[in-house]
$ cat work.txt   # compact mmCIF, N, CA and C atoms
# COMPACT_ATOMS: atom_id res chain seq x y z
N MET A 1440 -11.23 -13.15 6.91
CA MET A 1440 -10.16 -12.75 6.02
C MET A 1440 -10.71 -11.76 4.99
N GLN A 1441 -10.00 -10.68 4.79
CA GLN A 1441 -10.38 -9.66 3.82
C GLN A 1441 -9.26 -9.48 2.81
N ILE A 1442 -9.65 -9.13 1.60
CA ILE A 1442 -8.68 -8.72 0.59
C ILE A 1442 -8.93 -7.25 0.34
N ILE A 1443 -7.89 -6.45 0.57
CA ILE A 1443 -8.01 -5.01 0.39
C ILE A 1443 -7.01 -4.54 -0.66
N GLU A 1444 -7.35 -3.45 -1.34
CA GLU A 1444 -6.45 -2.84 -2.31
C GLU A 1444 -5.94 -1.54 -1.72
N LEU A 1445 -4.64 -1.43 -1.62
CA LEU A 1445 -3.99 -0.23 -1.13
C LEU A 1445 -3.45 0.53 -2.33
N ASP A 1446 -3.84 1.77 -2.47
CA ASP A 1446 -3.41 2.61 -3.59
C ASP A 1446 -2.53 3.73 -3.02
N PHE A 1447 -1.24 3.68 -3.35
CA PHE A 1447 -0.29 4.66 -2.83
C PHE A 1447 0.07 5.65 -3.93
N LYS A 1448 0.11 6.91 -3.58
CA LYS A 1448 0.62 7.96 -4.47
C LYS A 1448 1.76 8.63 -3.72
N ILE A 1449 2.97 8.35 -4.19
CA ILE A 1449 4.16 8.79 -3.48
C ILE A 1449 5.11 9.50 -4.44
N PRO A 1450 6.01 10.33 -3.91
CA PRO A 1450 6.99 11.01 -4.76
C PRO A 1450 7.92 9.99 -5.42
N TYR A 1451 8.19 10.18 -6.70
CA TYR A 1451 9.01 9.23 -7.45
C TYR A 1451 10.44 9.16 -6.93
N ASP A 1452 11.00 10.28 -6.53
CA ASP A 1452 12.41 10.29 -6.12
C ASP A 1452 12.65 9.52 -4.82
N GLY A 1453 11.67 9.37 -3.96
CA GLY A 1453 11.83 8.63 -2.71
C GLY A 1453 11.11 7.30 -2.70
N ARG A 1454 10.74 6.83 -3.88
CA ARG A 1454 9.91 5.63 -4.00
C ARG A 1454 10.57 4.38 -3.43
N GLY A 1455 11.85 4.19 -3.65
CA GLY A 1455 12.54 2.99 -3.17
C GLY A 1455 12.53 2.87 -1.66
N LYS A 1456 12.85 3.95 -0.99
CA LYS A 1456 12.90 3.95 0.47
C LYS A 1456 11.50 3.73 1.06
N ILE A 1457 10.51 4.39 0.50
CA ILE A 1457 9.13 4.26 1.00
C ILE A 1457 8.61 2.85 0.72
N LEU A 1458 8.88 2.33 -0.47
CA LEU A 1458 8.42 1.01 -0.85
C LEU A 1458 9.03 -0.08 0.04
N ARG A 1459 10.27 0.09 0.42
CA ARG A 1459 10.92 -0.87 1.32
C ARG A 1459 10.19 -0.92 2.67
N GLY A 1460 9.79 0.22 3.19
CA GLY A 1460 9.04 0.26 4.45
C GLY A 1460 7.66 -0.36 4.31
N ILE A 1461 7.00 -0.13 3.17
CA ILE A 1461 5.67 -0.71 2.93
C ILE A 1461 5.77 -2.24 2.87
N ILE A 1462 6.75 -2.74 2.13
CA ILE A 1462 6.91 -4.18 1.96
C ILE A 1462 7.23 -4.84 3.30
N ASP A 1463 8.01 -4.19 4.14
CA ASP A 1463 8.30 -4.75 5.47
C ASP A 1463 7.03 -4.92 6.31
N LYS A 1464 6.07 -4.00 6.15
CA LYS A 1464 4.83 -4.07 6.93
C LYS A 1464 3.86 -5.13 6.41
N VAL A 1465 3.83 -5.38 5.10
CA VAL A 1465 2.84 -6.31 4.53
C VAL A 1465 3.47 -7.59 3.98
N ARG A 1466 4.68 -7.87 4.36
CA ARG A 1466 5.39 -9.06 3.85
C ARG A 1466 4.59 -10.34 4.14
N GLY A 1467 4.46 -11.18 3.12
CA GLY A 1467 3.76 -12.45 3.26
C GLY A 1467 2.26 -12.36 3.06
N LYS A 1468 1.72 -11.16 2.93
CA LYS A 1468 0.29 -10.97 2.77
C LYS A 1468 -0.07 -10.45 1.37
N ILE A 1469 0.92 -10.16 0.54
CA ILE A 1469 0.69 -9.54 -0.76
C ILE A 1469 0.17 -10.58 -1.75
N ARG A 1470 -0.92 -10.23 -2.43
CA ARG A 1470 -1.48 -11.08 -3.48
C ARG A 1470 -1.10 -10.59 -4.86
N ASP A 1471 -1.08 -9.27 -5.06
CA ASP A 1471 -0.79 -8.70 -6.38
C ASP A 1471 -0.25 -7.29 -6.18
N MET A 1472 0.63 -6.88 -7.10
CA MET A 1472 1.23 -5.55 -7.00
C MET A 1472 1.40 -4.97 -8.40
N HIS A 1473 1.03 -3.70 -8.57
CA HIS A 1473 1.16 -3.01 -9.85
C HIS A 1473 1.87 -1.68 -9.65
N PHE A 1474 2.83 -1.40 -10.52
CA PHE A 1474 3.54 -0.13 -10.52
C PHE A 1474 3.12 0.66 -11.75
N PHE A 1475 2.83 1.93 -11.56
CA PHE A 1475 2.47 2.79 -12.67
C PHE A 1475 3.56 3.84 -12.84
N PRO A 1476 3.80 4.29 -14.07
CA PRO A 1476 4.86 5.28 -14.30
C PRO A 1476 4.52 6.61 -13.63
N PRO A 1477 5.55 7.38 -13.33
CA PRO A 1477 5.30 8.67 -12.66
C PRO A 1477 4.62 9.67 -13.58
N THR A 1478 3.88 10.57 -12.97
CA THR A 1478 3.24 11.65 -13.72
C THR A 1478 4.27 12.72 -14.03
N CYS A 1479 3.86 13.72 -14.79
CA CYS A 1479 4.78 14.81 -15.12
C CYS A 1479 5.15 15.64 -13.88
N SER A 1480 4.35 15.54 -12.82
CA SER A 1480 4.66 16.26 -11.58
C SER A 1480 5.51 15.43 -10.62
N GLY A 1481 5.88 14.20 -11.01
CA GLY A 1481 6.79 13.38 -10.21
C GLY A 1481 6.11 12.50 -9.17
N ILE A 1482 4.83 12.19 -9.34
CA ILE A 1482 4.11 11.34 -8.41
C ILE A 1482 3.95 9.95 -9.02
N SER A 1483 4.38 8.93 -8.29
CA SER A 1483 4.29 7.55 -8.74
C SER A 1483 3.13 6.87 -8.03
N GLU A 1484 2.45 5.96 -8.72
CA GLU A 1484 1.31 5.26 -8.14
C GLU A 1484 1.63 3.77 -8.06
N ILE A 1485 1.31 3.17 -6.91
CA ILE A 1485 1.52 1.75 -6.68
C ILE A 1485 0.23 1.19 -6.10
N LYS A 1486 -0.26 0.09 -6.68
CA LYS A 1486 -1.45 -0.58 -6.16
C LYS A 1486 -1.04 -1.97 -5.67
N ILE A 1487 -1.42 -2.27 -4.43
CA ILE A 1487 -1.07 -3.55 -3.82
C ILE A 1487 -2.34 -4.19 -3.27
N GLU A 1488 -2.57 -5.45 -3.62
CA GLU A 1488 -3.67 -6.23 -3.03
C GLU A 1488 -3.08 -7.04 -1.88
N VAL A 1489 -3.71 -6.91 -0.71
CA VAL A 1489 -3.20 -7.53 0.50
C VAL A 1489 -4.30 -8.36 1.15
N GLU A 1490 -3.93 -9.53 1.65
CA GLU A 1490 -4.84 -10.38 2.41
C GLU A 1490 -4.60 -10.11 3.89
N THR A 1491 -5.64 -9.80 4.64
CA THR A 1491 -5.47 -9.51 6.05
C THR A 1491 -6.75 -9.85 6.82
N GLU A 1492 -6.61 -9.94 8.10
CA GLU A 1492 -7.77 -10.18 8.97
C GLU A 1492 -8.57 -8.89 9.09
N ALA A 1493 -9.88 -9.02 9.26
CA ALA A 1493 -10.77 -7.86 9.30
C ALA A 1493 -10.42 -6.90 10.44
N GLU A 1494 -10.02 -7.44 11.58
CA GLU A 1494 -9.73 -6.56 12.72
C GLU A 1494 -8.36 -5.90 12.62
N ASN A 1495 -7.52 -6.33 11.70
CA ASN A 1495 -6.18 -5.76 11.57
C ASN A 1495 -6.08 -4.66 10.52
N VAL A 1496 -7.15 -4.37 9.80
CA VAL A 1496 -7.09 -3.41 8.71
C VAL A 1496 -6.74 -2.00 9.21
N LYS A 1497 -7.41 -1.55 10.23
CA LYS A 1497 -7.15 -0.19 10.75
C LYS A 1497 -5.72 -0.07 11.28
N LYS A 1498 -5.24 -1.11 11.94
CA LYS A 1498 -3.87 -1.11 12.47
C LYS A 1498 -2.86 -1.05 11.33
N LEU A 1499 -3.10 -1.84 10.28
CA LEU A 1499 -2.21 -1.85 9.13
C LEU A 1499 -2.15 -0.49 8.45
N ILE A 1500 -3.30 0.14 8.27
CA ILE A 1500 -3.35 1.45 7.62
C ILE A 1500 -2.63 2.49 8.45
N LYS A 1501 -2.80 2.43 9.75
CA LYS A 1501 -2.12 3.38 10.64
C LYS A 1501 -0.60 3.23 10.54
N GLU A 1502 -0.12 1.98 10.49
CA GLU A 1502 1.32 1.73 10.36
C GLU A 1502 1.84 2.23 9.01
N LEU A 1503 1.06 2.01 7.95
CA LEU A 1503 1.50 2.44 6.63
C LEU A 1503 1.51 3.96 6.49
N LYS A 1504 0.59 4.64 7.16
CA LYS A 1504 0.59 6.11 7.12
C LYS A 1504 1.85 6.67 7.78
N ASN A 1505 2.37 5.96 8.79
CA ASN A 1505 3.62 6.40 9.42
C ASN A 1505 4.81 6.23 8.48
N VAL A 1506 4.76 5.21 7.63
CA VAL A 1506 5.83 4.98 6.66
C VAL A 1506 5.78 6.01 5.54
N ILE A 1507 4.56 6.31 5.06
CA ILE A 1507 4.37 7.25 3.95
C ILE A 1507 4.12 8.63 4.52
N LYS A 1508 5.15 9.40 4.65
CA LYS A 1508 4.97 10.73 5.23
C LYS A 1508 4.62 11.77 4.17
N GLU A 1509 5.14 11.60 2.95
CA GLU A 1509 4.94 12.59 1.90
C GLU A 1509 4.07 12.04 0.78
N GLY A 1510 3.09 11.26 1.09
CA GLY A 1510 2.26 10.68 0.04
C GLY A 1510 0.84 10.47 0.53
N LYS A 1511 0.04 9.83 -0.33
CA LYS A 1511 -1.35 9.55 0.00
C LYS A 1511 -1.60 8.06 -0.10
N ILE A 1512 -2.55 7.59 0.70
CA ILE A 1512 -2.95 6.19 0.65
C ILE A 1512 -4.47 6.14 0.61
N SER A 1513 -5.00 5.27 -0.22
CA SER A 1513 -6.43 5.03 -0.22
C SER A 1513 -6.66 3.53 -0.16
N VAL A 1514 -7.76 3.14 0.47
CA VAL A 1514 -8.05 1.74 0.73
C VAL A 1514 -9.39 1.38 0.11
N LYS A 1515 -9.44 0.21 -0.50
CA LYS A 1515 -10.68 -0.29 -1.10
C LYS A 1515 -10.80 -1.77 -0.73
N ILE A 1516 -11.92 -2.15 -0.14
CA ILE A 1516 -12.15 -3.55 0.23
C ILE A 1516 -12.66 -4.29 -1.00
N ILE A 1517 -11.91 -5.31 -1.42
CA ILE A 1517 -12.28 -6.08 -2.60
C ILE A 1517 -13.19 -7.24 -2.24
N SER A 1518 -12.82 -8.01 -1.22
CA SER A 1518 -13.69 -9.11 -0.80
C SER A 1518 -13.68 -9.18 0.72
N ASP A 1519 -14.80 -9.60 1.25
CA ASP A 1519 -14.99 -9.70 2.69
C ASP A 1519 -15.52 -11.09 2.99
N ALA A 1520 -14.73 -11.86 3.75
CA ALA A 1520 -15.17 -13.22 4.06
C ALA A 1520 -15.34 -13.41 5.54
$ encode --input "work.txt" --output "structure tokens"
Amino acid sequence: MQIIELDFKIPYDGRGKILRGIIDKVRGKIRDMHFFPPTCSGISEIKIEVETEAENVKKLIKELKNVIKEGKISVKIISDA
């Protein structure tokens, strides 16, 4: 079991639609979620801590990249068990 932090930078105007797709993919695995206000250029940042199996991390990231077409995602492994 791994705990990873997903850091999303997405356009503020489409945040609801993109966030709905993200939540559908990681439902039941979320440990913590933080929303940050948008920047002056209209980019919103969301940090989500997710519990997942070690072999499923690459698959999860690939699925999330398909959901986030106009944004960026970065991954940080917090704990590895």
$ atom_distance --input "work.txt" --atom1 "atom N of Ala1493 of chain A" --atom2 "atom C of Gln1441 of chain A"
6.5 Å
$ residues_around --input "work.txt" --residues "segment 1494-1510 of chain A" --least-positions-apart "4" --cutoff "6 Å" --atoms "only N, CA and C atoms" --output "compact mmCIF listing (two decimals) with N, CA and C atoms, in the coordinates of the input"
# COMPACT_ATOMS: atom_id res chain seq x y z
N LYS A 1448 0.11 6.91 -3.58
CA LYS A 1448 0.62 7.96 -4.47
C LYS A 1448 1.76 8.63 -3.72
N ILE A 1449 2.97 8.35 -4.19
CA ILE A 1449 4.16 8.79 -3.48
C ILE A 1449 5.11 9.50 -4.44
N PRO A 1450 6.01 10.33 -3.91
CA PRO A 1450 6.99 11.01 -4.76
C PRO A 1450 7.92 9.99 -5.42
N ILE A 1457 10.51 4.39 0.50
CA ILE A 1457 9.13 4.26 1.00
C ILE A 1457 8.61 2.85 0.72
$ closest_residue --input "work.txt" --among "A:Ile1517, A:Ile1469, A:Leu1445, A:Ile1462" --to "Lys1486 of chain A" --atoms "only C-alpha atoms"
A:Leu1445
$ select_by_dssp --input "work.txt" --residues "chain A" --states "strand (DSSP E)" --output "mmCIF file with N, CA and C atoms, keeping the file's coordinate frame"
data_model
loop_
_atom_site.group_PDB
_atom_site.id
_atom_site.type_symbol
_atom_site.label_atom_id
_atom_site.label_comp_id
_atom_site.auth_asym_id
_atom_site.auth_seq_id
_atom_site.Cartn_x
_atom_site.Cartn_y
_atom_site.Cartn_z
ATOM 1 N N GLN A 1441 -10.000 -10.680 4.790
ATOM 2 C CA GLN A 1441 -10.380 -9.660 3.820
ATOM 3 C C GLN A 1441 -9.260 -9.480 2.810
ATOM 4 N N ILE A 1442 -9.650 -9.130 1.600
ATOM 5 C CA ILE A 1442 -8.680 -8.720 0.590
ATOM 6 C C ILE A 1442 -8.930 -7.250 0.340
ATOM 7 N N ILE A 1443 -7.890 -6.450 0.570
ATOM 8 C CA ILE A 1443 -8.010 -5.010 0.390
ATOM 9 C C ILE A 1443 -7.010 -4.540 -0.660
ATOM 10 N N GLU A 1444 -7.350 -3.450 -1.340
ATOM 11 C CA GLU A 1444 -6.450 -2.840 -2.310
ATOM 12 C C GLU A 1444 -5.940 -1.540 -1.720
ATOM 13 N N LEU A 1445 -4.640 -1.430 -1.620
ATOM 14 C CA LEU A 1445 -3.990 -0.230 -1.130
ATOM 15 C C LEU A 1445 -3.450 0.530 -2.330
ATOM 16 N N ASP A 1446 -3.840 1.770 -2.470
ATOM 17 C CA ASP A 1446 -3.410 2.610 -3.590
ATOM 18 C C ASP A 1446 -2.530 3.730 -3.020
ATOM 19 N N PHE A 1447 -1.240 3.680 -3.350
ATOM 20 C CA PHE A 1447 -0.290 4.660 -2.830
ATOM 21 C C PHE A 1447 0.070 5.650 -3.930
ATOM 22 N N LYS A 1448 0.110 6.910 -3.580
ATOM 23 C CA LYS A 1448 0.620 7.960 -4.470
ATOM 24 C C LYS A 1448 1.760 8.630 -3.720
ATOM 25 N N ILE A 1449 2.970 8.350 -4.190
ATOM 26 C CA ILE A 1449 4.160 8.790 -3.480
ATOM 27 C C ILE A 1449 5.110 9.500 -4.440
ATOM 28 N N PRO A 1450 6.010 10.330 -3.910
ATOM 29 C CA PRO A 1450 6.990 11.010 -4.760
ATOM 30 C C PRO A 1450 7.920 9.990 -5.420
ATOM 31 N N ILE A 1469 0.920 -10.160 0.540
ATOM 32 C CA ILE A 1469 0.690 -9.540 -0.760
ATOM 33 C C ILE A 1469 0.170 -10.580 -1.750
ATOM 34 N N ARG A 1470 -0.920 -10.230 -2.430
ATOM 35 C CA ARG A 1470 -1.480 -11.080 -3.480
ATOM 36 C C ARG A 1470 -1.100 -10.590 -4.860
ATOM 37 N N ASP A 1471 -1.080 -9.270 -5.060
ATOM 38 C CA ASP A 1471 -0.790 -8.700 -6.380
ATOM 39 C C ASP A 1471 -0.250 -7.290 -6.180
ATOM 40 N N MET A 1472 0.630 -6.880 -7.100
ATOM 41 C CA MET A 1472 1.230 -5.550 -7.000
ATOM 42 C C MET A 1472 1.400 -4.970 -8.400
ATOM 43 N N HIS A 1473 1.030 -3.700 -8.570
ATOM 44 C CA HIS A 1473 1.160 -3.010 -9.850
ATOM 45 C C HIS A 1473 1.870 -1.680 -9.650
ATOM 46 N N PHE A 1474 2.830 -1.400 -10.520
ATOM 47 C CA PHE A 1474 3.540 -0.130 -10.520
ATOM 48 C C PHE A 1474 3.120 0.660 -11.750
ATOM 49 N N PHE A 1475 2.830 1.930 -11.560
ATOM 50 C CA PHE A 1475 2.470 2.790 -12.670
ATOM 51 C C PHE A 1475 3.560 3.840 -12.840
ATOM 52 N N ILE A 1482 4.830 12.190 -9.340
ATOM 53 C CA ILE A 1482 4.110 11.340 -8.410
ATOM 54 C C ILE A 1482 3.950 9.950 -9.020
ATOM 55 N N SER A 1483 4.380 8.930 -8.290
ATOM 56 C CA SER A 1483 4.290 7.550 -8.740
ATOM 57 C C SER A 1483 3.130 6.870 -8.030
ATOM 58 N N GLU A 1484 2.450 5.960 -8.720
ATOM 59 C CA GLU A 1484 1.310 5.260 -8.140
ATOM 60 C C GLU A 1484 1.630 3.770 -8.060
ATOM 61 N N ILE A 1485 1.310 3.170 -6.910
ATOM 62 C CA ILE A 1485 1.520 1.750 -6.680
ATOM 63 C C ILE A 1485 0.230 1.190 -6.100
ATOM 64 N N LYS A 1486 -0.260 0.090 -6.680
ATOM 65 C CA LYS A 1486 -1.450 -0.580 -6.160
ATOM 66 C C LYS A 1486 -1.040 -1.970 -5.670
ATOM 67 N N ILE A 1487 -1.420 -2.270 -4.430
ATOM 68 C CA ILE A 1487 -1.070 -3.550 -3.820
ATOM 69 C C ILE A 1487 -2.340 -4.190 -3.270
ATOM 70 N N GLU A 1488 -2.570 -5.450 -3.620
ATOM 71 C CA GLU A 1488 -3.670 -6.230 -3.030
ATOM 72 C C GLU A 1488 -3.080 -7.040 -1.880
ATOM 73 N N VAL A 1489 -3.710 -6.910 -0.710
ATOM 74 C CA VAL A 1489 -3.200 -7.530 0.500
ATOM 75 C C VAL A 1489 -4.300 -8.360 1.150
ATOM 76 N N GLU A 1490 -3.930 -9.530 1.650
ATOM 77 C CA GLU A 1490 -4.840 -10.380 2.410
ATOM 78 C C GLU A 1490 -4.600 -10.110 3.890
ATOM 79 N N THR A 1491 -5.640 -9.800 4.640
ATOM 80 C CA THR A 1491 -5.470 -9.510 6.050
ATOM 81 C C THR A 1491 -6.750 -9.850 6.820
ATOM 82 N N LYS A 1511 0.040 9.830 -0.330
ATOM 83 C CA LYS A 1511 -1.350 9.550 0.000
ATOM 84 C C LYS A 1511 -1.600 8.060 -0.100
ATOM 85 N N ILE A 1512 -2.550 7.590 0.700
ATOM 86 C CA ILE A 1512 -2.950 6.190 0.650
ATOM 87 C C ILE A 1512 -4.470 6.140 0.610
ATOM 88 N N SER A 1513 -5.000 5.270 -0.220
ATOM 89 C CA SER A 1513 -6.430 5.030 -0.220
ATOM 90 C C SER A 1513 -6.660 3.530 -0.160
ATOM 91 N N VAL A 1514 -7.760 3.140 0.470
ATOM 92 C CA VAL A 1514 -8.050 1.740 0.730
ATOM 93 C C VAL A 1514 -9.390 1.380 0.110
ATOM 94 N N LYS A 1515 -9.440 0.210 -0.500
ATOM 95 C CA LYS A 1515 -10.680 -0.290 -1.100
ATOM 96 C C LYS A 1515 -10.800 -1.770 -0.730
ATOM 97 N N ILE A 1516 -11.920 -2.150 -0.140
ATOM 98 C CA ILE A 1516 -12.150 -3.550 0.230
ATOM 99 C C ILE A 1516 -12.660 -4.290 -1.000
ATOM 100 N N ILE A 1517 -11.910 -5.310 -1.420
ATOM 101 C CA ILE A 1517 -12.280 -6.080 -2.600
ATOM 102 C C ILE A 1517 -13.190 -7.240 -2.240
ATOM 103 N N SER A 1518 -12.820 -8.010 -1.220
ATOM 104 C CA SER A 1518 -13.690 -9.110 -0.800
ATOM 105 C C SER A 1518 -13.680 -9.180 0.720
ATOM 106 N N ASP A 1519 -14.800 -9.600 1.250
ATOM 107 C CA ASP A 1519 -14.990 -9.700 2.690
ATOM 108 C C ASP A 1519 -15.520 -11.090 2.990
#
$ closest_residue --input "work.txt" --among "A:Lys1468, A:Lys1511, A:His1473, A:Arg1459" --to "Met1440 of chain A" --atoms "only C-alpha atoms"
A:Lys1468
$ residues_around --input "work.txt" --residues "Ser1483 of chain A" --least-positions-apart "2" --cutoff "6 Å" --atoms "all atoms listed in the file" --output "MDAnalysis selection string"
chainID A and resid 1447:1451 1475:1478 1481 1485
$ atom_distance --input "work.txt" --atom1 "atom CA of Thr1491 of chain A" --atom2 "atom N of Arg1466 of chain A"
10.4 Å
$ atom_distance --input "work.txt" --atom1 "atom CA of Cys1479 of chain A" --atom2 "atom CA of Asp1452 of chain A"
12.6 Å
$ select_by_dssp --input "work.txt" --residues "chain A" --states "alpha helix (DSSP H)" --output "compact mmCIF listing (two decimals) with N, CA and C atoms, in the frame of the given file"
# COMPACT_ATOMS: atom_id res chain seq x y z
N ARG A 1454 10.74 6.83 -3.88
CA ARG A 1454 9.91 5.63 -4.00
C ARG A 1454 10.57 4.38 -3.43
N GLY A 1455 11.85 4.19 -3.65
CA GLY A 1455 12.54 2.99 -3.17
C GLY A 1455 12.53 2.87 -1.66
N LYS A 1456 12.85 3.95 -0.99
CA LYS A 1456 12.90 3.95 0.47
C LYS A 1456 11.50 3.73 1.06
N ILE A 1457 10.51 4.39 0.50
CA ILE A 1457 9.13 4.26 1.00
C ILE A 1457 8.61 2.85 0.72
N LEU A 1458 8.88 2.33 -0.47
CA LEU A 1458 8.42 1.01 -0.85
C LEU A 1458 9.03 -0.08 0.04
N ARG A 1459 10.27 0.09 0.42
CA ARG A 1459 10.92 -0.87 1.32
C ARG A 1459 10.19 -0.92 2.67
N GLY A 1460 9.79 0.22 3.19
CA GLY A 1460 9.04 0.26 4.45
C GLY A 1460 7.66 -0.36 4.31
N ILE A 1461 7.00 -0.13 3.17
CA ILE A 1461 5.67 -0.71 2.93
C ILE A 1461 5.77 -2.24 2.87
N ILE A 1462 6.75 -2.74 2.13
CA ILE A 1462 6.91 -4.18 1.96
C ILE A 1462 7.23 -4.84 3.30
N ASP A 1463 8.01 -4.19 4.14
CA ASP A 1463 8.30 -4.75 5.47
C ASP A 1463 7.03 -4.92 6.31
N LYS A 1464 6.07 -4.00 6.15
CA LYS A 1464 4.83 -4.07 6.93
C LYS A 1464 3.86 -5.13 6.41
N VAL A 1465 3.83 -5.38 5.10
CA VAL A 1465 2.84 -6.31 4.53
C VAL A 1465 3.47 -7.59 3.98
N VAL A 1496 -7.15 -4.37 9.80
CA VAL A 1496 -7.09 -3.41 8.71
C VAL A 1496 -6.74 -2.00 9.21
N LYS A 1497 -7.41 -1.55 10.23
CA LYS A 1497 -7.15 -0.19 10.75
C LYS A 1497 -5.72 -0.07 11.28
N LYS A 1498 -5.24 -1.11 11.94
CA LYS A 1498 -3.87 -1.11 12.47
C LYS A 1498 -2.86 -1.05 11.33
N LEU A 1499 -3.10 -1.84 10.28
CA LEU A 1499 -2.21 -1.85 9.13
C LEU A 1499 -2.15 -0.49 8.45
N ILE A 1500 -3.30 0.14 8.27
CA ILE A 1500 -3.35 1.45 7.62
C ILE A 1500 -2.63 2.49 8.45
N LYS A 1501 -2.80 2.43 9.75
CA LYS A 1501 -2.12 3.38 10.64
C LYS A 1501 -0.60 3.23 10.54
N GLU A 1502 -0.12 1.98 10.49
CA GLU A 1502 1.32 1.73 10.36
C GLU A 1502 1.84 2.23 9.01
N LEU A 1503 1.06 2.01 7.95
CA LEU A 1503 1.50 2.44 6.63
C LEU A 1503 1.51 3.96 6.49
N LYS A 1504 0.59 4.64 7.16
CA LYS A 1504 0.59 6.11 7.12
C LYS A 1504 1.85 6.67 7.78
N ASN A 1505 2.37 5.96 8.79
CA ASN A 1505 3.62 6.40 9.42
C ASN A 1505 4.81 6.23 8.48
N VAL A 1506 4.76 5.21 7.63
CA VAL A 1506 5.83 4.98 6.66
C VAL A 1506 5.78 6.01 5.54
$ decode --input "work.txt" --residues "segment 1473-1488 of chain A" --atoms "N, CA, C and O atoms" --output "JSON list (two decimals), in the first residue's frame"
[["chain", "number", "residue", "atom", "x", "y", "z"],
["A", 1473, "HIS", "N", -6.96, 19.27, -0.56],
["A", 1473, "HIS", "CA", -6.80, 20.71, -0.33],
["A", 1473, "HIS", "C", -7.05, 21.46, -1.62],
["A", 1473, "HIS", "O", -6.53, 21.08, -2.67],
["A", 1474, "PHE", "N", -7.82, 22.53, -1.53],
["A", 1474, "PHE", "CA", -8.08, 23.41, -2.66],
["A", 1474, "PHE", "C", -7.37, 24.73, -2.41],
["A", 1474, "PHE", "O", -7.46, 25.29, -1.32],
["A", 1475, "PHE", "N", -6.70, 25.23, -3.41],
["A", 1475, "PHE", "CA", -6.02, 26.52, -3.31],
["A", 1475, "PHE", "C", -6.70, 27.50, -4.25],
["A", 1475, "PHE", "O", -7.21, 27.12, -5.31],
["A", 1476, "PRO", "N", -6.73, 28.78, -3.90],
["A", 1476, "PRO", "CA", -7.39, 29.77, -4.76],
["A", 1476, "PRO", "C", -6.68, 29.91, -6.10],
["A", 1476, "PRO", "O", -5.48, 29.63, -6.21],
["A", 1477, "PRO", "N", -7.41, 30.35, -7.10],
["A", 1477, "PRO", "CA", -6.79, 30.50, -8.43],
["A", 1477, "PRO", "C", -5.77, 31.63, -8.46],
["A", 1477, "PRO", "O", -5.86, 32.59, -7.71],
["A", 1478, "THR", "N", -4.81, 31.48, -9.35],
["A", 1478, "THR", "CA", -3.82, 32.53, -9.56],
["A", 1478, "THR", "C", -4.43, 33.63, -10.42],
["A", 1478, "THR", "O", -5.55, 33.49, -10.93],
["A", 1479, "CYS", "N", -3.68, 34.69, -10.63],
["A", 1479, "CYS", "CA", -4.18, 35.79, -11.47],
["A", 1479, "CYS", "C", -4.32, 35.36, -12.93],
["A", 1479, "CYS", "O", -5.05, 35.98, -13.70],
["A", 1480, "SER", "N", -3.65, 34.28, -13.32],
["A", 1480, "SER", "CA", -3.77, 33.78, -14.69],
["A", 1480, "SER", "C", -4.89, 32.75, -14.84],
["A", 1480, "SER", "O", -5.08, 32.21, -15.92],
["A", 1481, "GLY", "N", -5.62, 32.45, -13.76],
["A", 1481, "GLY", "CA", -6.78, 31.56, -13.84],
["A", 1481, "GLY", "C", -6.46, 30.08, -13.65],
["A", 1481, "GLY", "O", -7.25, 29.23, -14.07],
["A", 1482, "ILE", "N", -5.36, 29.75, -13.01],
["A", 1482, "ILE", "CA", -4.99, 28.36, -12.77],
["A", 1482, "ILE", "C", -5.26, 28.02, -11.31],
["A", 1482, "ILE", "O", -4.80, 28.69, -10.40],
["A", 1483, "SER", "N", -6.03, 26.97, -11.08],
["A", 1483, "SER", "CA", -6.38, 26.53, -9.74],
["A", 1483, "SER", "C", -5.53, 25.30, -9.39],
["A", 1483, "SER", "O", -5.25, 24.47, -10.24],
["A", 1484, "GLU", "N", -5.16, 25.18, -8.12],
["A", 1484, "GLU", "CA", -4.34, 24.06, -7.68],
["A", 1484, "GLU", "C", -5.12, 23.23, -6.67],
["A", 1484, "GLU", "O", -5.74, 23.75, -5.76],
["A", 1485, "ILE", "N", -5.07, 21.91, -6.84],
["A", 1485, "ILE", "CA", -5.74, 20.97, -5.95],
["A", 1485, "ILE", "C", -4.73, 19.89, -5.59],
["A", 1485, "ILE", "O", -4.08, 19.32, -6.46],
["A", 1486, "LYS", "N", -4.60, 19.61, -4.28],
["A", 1486, "LYS", "CA", -3.72, 18.55, -3.82],
["A", 1486, "LYS", "C", -4.57, 17.46, -3.16],
["A", 1486, "LYS", "O", -5.39, 17.77, -2.29],
["A", 1487, "ILE", "N", -4.37, 16.22, -3.60],
["A", 1487, "ILE", "CA", -5.14, 15.10, -3.08],
["A", 1487, "ILE", "C", -4.18, 14.01, -2.64],
["A", 1487, "ILE", "O", -3.30, 13.61, -3.40],
["A", 1488, "GLU", "N", -4.36, 13.52, -1.41],
["A", 1488, "GLU", "CA", -3.60, 12.36, -0.93],
["A", 1488, "GLU", "C", -4.47, 11.13, -1.16],
["A", 1488, "GLU", "O", -5.62, 11.09, -0.74]]
